[in-house]
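Chemist: The structure is given below, and queries will be raised subsequently.
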Amino acid sequence: MFVTSAFAQESAPAVEGGHTGTEGDTHSGTGVPAEAHGVFPPFDPATFPSQLVWLAITFGLFYLFLKKVVMPRVGGIIDVRNDRITQDLDQAARLKGEADAAVAAYEQELAEAKTKANAIGQQANDAAKAEAEAARKKVEAALDQKLGEAEARISTIKANAMKEVGTIAEDTASAIVEALVGGKASKAEIAAAVKSVAR
Amino acid sequence: MAADKVDPIHQFHINKLIPIEIGGYDLSFTNSALFMVATVAVASAFLYLSTSSRSLVPSRLQSVSEMAYEFVGNMLRDAAGTQGMKFFPLVFSLFMFVLVANLLGLFPYFFTVTSHIIVTFGLAALVIGTVVVYGFMKHGLGFLKLFVPHGVPVYLLPLVVLIEVISFVSRPVSLSVRLFANMLAGHITLKVFSGFVVSLSALGTLGIAGSVLPLAMAVALTALELLVAFLQAYVFAVLTCMYLNDALHPGH
């Protein structure tokens, strides 16, 4: 393209040789047919049939090759990739769903366990309270009983003591009467007198 | 021969490599045909080999093929809807063919297939032919509604229909001339600036120093041509998609 004479020598030396007689022409030294001299090459009708035929052959083959081989292949590659991406996205979504479900299940179990633990704690608390209450009642009952016993004993002791107090008073009274009056008061009189005083 | 060396038209000459003549027509295997074969071979080989491993995670080359495939696919789907996807192989092969032909043309000494109007016109005629044939096959005479826009007053209709017909007929011309002219002009400009480098360098030290400027220009133009190679393939494919949309939905 830059030094085109070299190209002409490369590609069509034989034809060039045949046209050296027309050196004065601007298009000399090329393979242009004699009748086409002076015509701007892209507008030279003499080359049209050949170019059209070869264009039809080459482009036709190219079209068929692309349609039958290349495009199904490239389209297939792209489809496979898109399918794969969709599939992977689906799988990722599924896995995320599973993870979410697992988290939810965990949360639920945790909540359940908490409730259960609370219930157990409450139960234990109640049981302990009940036990303590029972023990307290038992102890109280025992204490009450002991208190009753003690009170009964005290009252008997007191009664005995009072009885003895009466006897002592009677003895003392009879002794006093004897000493003061010098006679003997009957036992019954003294007892009645002591009783009336004690009241 | 010094003038010949910088002849910017020289690169567009067709040279017969294998002379073939059938029925009075000259169907020789020329350098143009050789580069059509090269274009098809390079594009096919690239697409085939880069995708041969069918990796789930693509290699660089495989992702280039996939990007081209999806790029054209999205382009067609945006322009013509999902119904248009039946033309995907056509649009994809047009895009790849034009792109690879343009890119191969950027190599020094290489022939640019798309710099010949008959080639671009052949491709454009294929597109318009597909549009017309498919349009009539699918919609019958309803395809002619393409030329009758909605909501136009009756007295304006003949004029509008005439304009629509002219615009439709000029499509293959504009489609082919756009690509052809871009490639032709770009390559001529490149050649002219590169020719300056050669001519100036022959003038001694001062000339060599002076040739830096056109050389920088040639480098910049090469970058521009690379852009144009992509852009024109894209434009060709986009317009193909839009014309195919007309075949699918002629009622505007």
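Residue numbering restarts at 1 for every chain of the structure tokens, chains are lettered A, B, ... in their displayed order, and ligands are numbered from 1 as they appear.
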For chain B against chain A, with a cut-off of 7 Å and counting only C-alpha atoms, what is the closest atom pair and its distance in Å to one decimal for every residue that makes the cut, ordered by chain and number, as a Markdown table?

Modeler:
| residue | atom | partner | partner_atom | distance |
| --- | --- | --- | --- | --- |
| B:Lys5 | CA | A:Val3 | CA | 6.1 |
| B:His10 | CA | A:Thr4 | CA | 6.5 |
| B:Gln11 | CA | A:Met1 | CA | 5.7 |
| B:Phe12 | CA | A:Pro41 | CA | 6.0 |
| B:His13 | CA | A:Pro41 | CA | 5.5 |
| B:Ile14 | CA | A:Val32 | CA | 6.3 |
| B:Asn15 | CA | A:Gly31 | CA | 4.6 |
| B:Lys16 | CA | A:Gly31 | CA | 6.3 |
| B:Leu17 | CA | A:Ala12 | CA | 6.4 |
| B:Tyr25 | CA | A:Pro49 | CA | 6.8 |
| B:Asp26 | CA | A:Ser50 | CA | 6.0 |
| B:Leu27 | CA | A:Ser50 | CA | 3.9 |
| B:Ser28 | CA | A:Ser50 | CA | 5.8 |
| B:Ser32 | CA | A:Gln51 | CA | 6.9 |
| B:Ala33 | CA | A:Trp54 | CA | 5.6 |
| B:Met36 | CA | A:Thr58 | CA | 6.3 |
| B:Val37 | CA | A:Thr58 | CA | 6.0 |
| B:Val40 | CA | A:Phe62 | CA | 5.9 |
| B:Leu47 | CA | A:Val70 | CA | 6.6 |
| B:Tyr48 | CA | A:Val70 | CA | 6.1 |
| B:Thr51 | CA | A:Val74 | CA | 6.9 |
| B:Arg54 | CA | A:Ile77 | CA | 6.0 |
| B:Leu56 | CA | A:Arg81 | CA | 5.9 |
| B:Glu66 | CA | A:Val74 | CA | 6.4 |
| B:Pro89 | CA | A:Lys67 | CA | 5.4 |
| B:Leu90 | CA | A:Tyr63 | CA | 6.7 |
| B:Ser93 | CA | A:Tyr63 | CA | 5.6 |
| B:Pro108 | CA | A:Met1 | CA | 4.6 |
| B:Tyr109 | CA | A:Met1 | CA | 4.1 |
| B:Phe110 | CA | A:Met1 | CA | 6.2 |
| B:His116 | CA | A:Pro42 | CA | 4.7 |
| B:Ile117 | CA | A:Pro42 | CA | 6.0 |
| B:Ile118 | CA | A:Phe48 | CA | 6.2 |
| B:Val119 | CA | A:Leu52 | CA | 6.6 |
| B:Gly122 | CA | A:Leu52 | CA | 6.7 |
| B:Lys191 | CA | A:Phe2 | CA | 5.8 |
| B:Ser194 | CA | A:Phe2 | CA | 6.2 |

Chemist: Identify which of the residues B:Leu144, B:Leu248, B:Val91, B:Met137 lies closest to Phe236 in chain B, counting only C-alpha atoms when measuring atom-to-atom distances.

Modeler: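 Closest candidate: B:Val91.
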
Chemist: Hey, what does DSSP flag as alpha helix (DSSP H) within range 3-226 of chain B? Can you give it to me as number ranges by chain?

Modeler: B: 3-5, 31-50, 60-80, 88-105, 117-139, 157-201, 205-210, 212-226

Chemist: Quick one: write out the picked residues with C-alpha atoms as a compact mmCIF listing (two decimals), in the first residue's frame?

Modeler:
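Output saved as out06.txt:
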# COMPACT_ATOMS: atom_id res chain seq x y z
CA ALA B 3 6.02 9.34 -10.01
CA ASP B 4 4.68 5.81 -10.11
CA LYS B 5 5.92 5.17 -6.60
CA ASN B 31 -5.80 -10.00 -5.98
CA SER B 32 -9.25 -8.78 -4.95
CA ALA B 33 -10.54 -12.35 -4.89
CA LEU B 34 -7.42 -13.40 -3.02
CA PHE B 35 -8.14 -10.88 -0.30
CA MET B 36 -11.80 -11.87 -0.17
CA VAL B 37 -10.58 -15.40 0.48
CA ALA B 38 -8.11 -14.06 3.03
CA THR B 39 -10.83 -12.03 4.73
CA VAL B 40 -13.11 -15.02 4.99
CA ALA B 41 -10.26 -17.28 6.09
CA VAL B 42 -9.01 -14.88 8.78
CA ALA B 43 -12.48 -14.13 10.12
CA SER B 44 -13.55 -17.78 10.10
CA ALA B 45 -10.33 -18.99 11.62
CA PHE B 46 -10.45 -16.37 14.35
CA LEU B 47 -14.06 -17.09 15.26
CA TYR B 48 -13.56 -20.85 15.03
CA LEU B 49 -10.26 -21.16 16.88
CA SER B 50 -10.95 -18.57 19.56
CA ARG B 60 -9.30 -12.98 25.79
CA LEU B 61 -9.77 -14.07 22.21
CA GLN B 62 -12.92 -15.99 23.02
CA SER B 63 -14.39 -12.97 24.71
CA VAL B 64 -13.60 -10.90 21.60
CA SER B 65 -15.63 -13.36 19.53
CA GLU B 66 -18.41 -13.35 22.10
CA MET B 67 -18.41 -9.57 22.24
CA ALA B 68 -18.72 -9.32 18.47
CA TYR B 69 -21.54 -11.87 18.54
CA GLU B 70 -23.46 -10.14 21.31
CA PHE B 71 -22.73 -6.69 19.92
CA VAL B 72 -24.32 -7.54 16.57
CA GLY B 73 -27.08 -9.51 18.27
CA ASN B 74 -28.05 -6.58 20.51
CA MET B 75 -27.81 -4.19 17.59
CA LEU B 76 -30.23 -6.29 15.56
CA ARG B 77 -32.59 -6.88 18.48
CA ASP B 78 -32.72 -3.15 19.27
CA ALA B 79 -33.40 -2.19 15.66
CA ALA B 80 -35.68 -4.97 14.44
CA PHE B 88 -28.75 -12.59 12.70
CA PRO B 89 -26.45 -14.82 10.63
CA LEU B 90 -26.71 -12.43 7.69
CA VAL B 91 -25.98 -9.30 9.71
CA PHE B 92 -23.21 -10.99 11.69
CA SER B 93 -21.46 -12.28 8.60
CA LEU B 94 -21.82 -8.87 6.89
CA PHE B 95 -20.37 -7.13 9.93
CA MET B 96 -17.47 -9.57 10.28
CA PHE B 97 -16.74 -9.57 6.56
CA VAL B 98 -16.66 -5.78 6.25
CA LEU B 99 -14.74 -5.36 9.51
CA VAL B 100 -12.05 -7.91 8.68
CA ALA B 101 -11.78 -6.69 5.08
CA ASN B 102 -11.32 -3.11 6.33
CA LEU B 103 -8.76 -4.17 8.93
CA LEU B 104 -6.78 -6.34 6.52
CA GLY B 105 -6.71 -3.41 4.11
CA ILE B 117 -17.63 -0.02 -5.28
CA ILE B 118 -18.74 -3.24 -6.92
CA VAL B 119 -17.96 -5.20 -3.76
CA THR B 120 -19.74 -2.82 -1.42
CA PHE B 121 -22.58 -2.54 -3.91
CA GLY B 122 -22.81 -6.33 -4.03
CA LEU B 123 -23.16 -6.45 -0.26
CA ALA B 124 -25.68 -3.58 -0.24
CA ALA B 125 -27.68 -5.25 -3.01
CA LEU B 126 -27.74 -8.41 -0.92
CA VAL B 127 -29.20 -6.44 1.99
CA ILE B 128 -31.79 -4.57 -0.08
CA GLY B 129 -32.61 -7.74 -2.03
CA THR B 130 -33.24 -9.55 1.26
CA VAL B 131 -35.41 -6.67 2.46
CA VAL B 132 -37.50 -6.59 -0.73
CA VAL B 133 -37.87 -10.35 -1.14
CA TYR B 134 -38.64 -10.97 2.53
CA GLY B 135 -40.93 -7.95 2.70
CA PHE B 136 -43.08 -9.14 -0.21
CA MET B 137 -42.99 -12.75 1.02
CA LYS B 138 -44.19 -11.81 4.47
CA HIS B 139 -46.57 -8.95 3.76
CA LEU B 157 -49.53 11.90 -0.71
CA PRO B 158 -48.20 11.65 -4.28
CA LEU B 159 -45.26 13.86 -3.39
CA VAL B 160 -44.53 11.98 -0.16
CA VAL B 161 -44.78 8.61 -1.88
CA LEU B 162 -42.41 9.80 -4.57
CA ILE B 163 -39.93 10.96 -1.93
CA GLU B 164 -40.25 7.67 -0.04
CA VAL B 165 -39.62 5.68 -3.21
CA ILE B 166 -36.58 7.75 -4.07
CA SER B 167 -35.28 7.38 -0.53
CA PHE B 168 -35.76 3.61 -0.70
CA VAL B 169 -34.07 3.32 -4.08
CA SER B 170 -31.14 5.42 -2.92
CA ARG B 171 -30.52 3.13 0.06
CA PRO B 172 -28.34 0.55 -1.72
CA VAL B 173 -26.45 3.40 -3.34
CA SER B 174 -25.82 5.27 -0.10
CA LEU B 175 -25.03 2.06 1.76
CA SER B 176 -22.42 0.99 -0.76
CA VAL B 177 -20.99 4.43 -1.56
CA ARG B 178 -20.54 5.30 2.12
CA LEU B 179 -18.34 2.30 2.80
CA PHE B 180 -16.52 2.43 -0.52
CA ALA B 181 -15.81 6.17 -0.36
CA ASN B 182 -14.58 6.02 3.22
CA MET B 183 -12.15 3.24 2.49
CA LEU B 184 -11.03 4.73 -0.81
CA ALA B 185 -10.49 8.24 0.53
CA GLY B 186 -8.73 7.02 3.66
CA HIS B 187 -6.33 4.84 1.73
CA ILE B 188 -5.59 7.53 -0.83
CA THR B 189 -4.83 10.03 1.93
CA LEU B 190 -2.60 7.53 3.69
CA LYS B 191 -0.82 6.83 0.46
CA VAL B 192 -0.33 10.51 -0.34
CA PHE B 193 1.20 11.29 3.04
CA SER B 194 3.39 8.19 2.94
CA GLY B 195 4.45 9.24 -0.57
CA PHE B 196 5.53 12.60 0.82
CA VAL B 197 7.75 10.81 3.31
CA VAL B 198 9.46 8.90 0.52
CA SER B 199 9.79 11.91 -1.79
CA LEU B 200 11.10 14.22 0.91
CA SER B 201 13.59 11.66 2.20
CA THR B 205 19.24 15.71 5.17
CA LEU B 206 16.80 18.60 5.14
CA GLY B 207 14.25 16.47 3.38
CA ILE B 208 14.61 13.67 5.91
CA ALA B 209 14.09 16.19 8.71
CA GLY B 210 11.09 17.59 6.88
CA VAL B 212 8.94 13.82 9.99
CA LEU B 213 5.80 15.88 9.56
CA PRO B 214 4.08 13.74 6.91
CA LEU B 215 5.27 10.65 8.78
CA ALA B 216 3.51 11.82 11.93
CA MET B 217 0.50 12.57 9.77
CA ALA B 218 0.60 9.06 8.29
CA VAL B 219 0.76 7.54 11.77
CA ALA B 220 -2.18 9.63 12.93
CA LEU B 221 -4.11 8.76 9.79
CA THR B 222 -3.45 5.08 10.36
CA ALA B 223 -5.07 5.41 13.78
CA LEU B 224 -7.96 7.27 12.20
CA GLU B 225 -8.31 4.61 9.53
CA LEU B 226 -8.42 1.94 12.22

Chemist: I'd like to know which of B:Leu141, B:Ile22, B:Ala233, B:Met85 is closest to Thr114 in chain B, using only C-alpha atoms.

Modeler: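 Under the stated criterion, the closest residue is B:Ala233.
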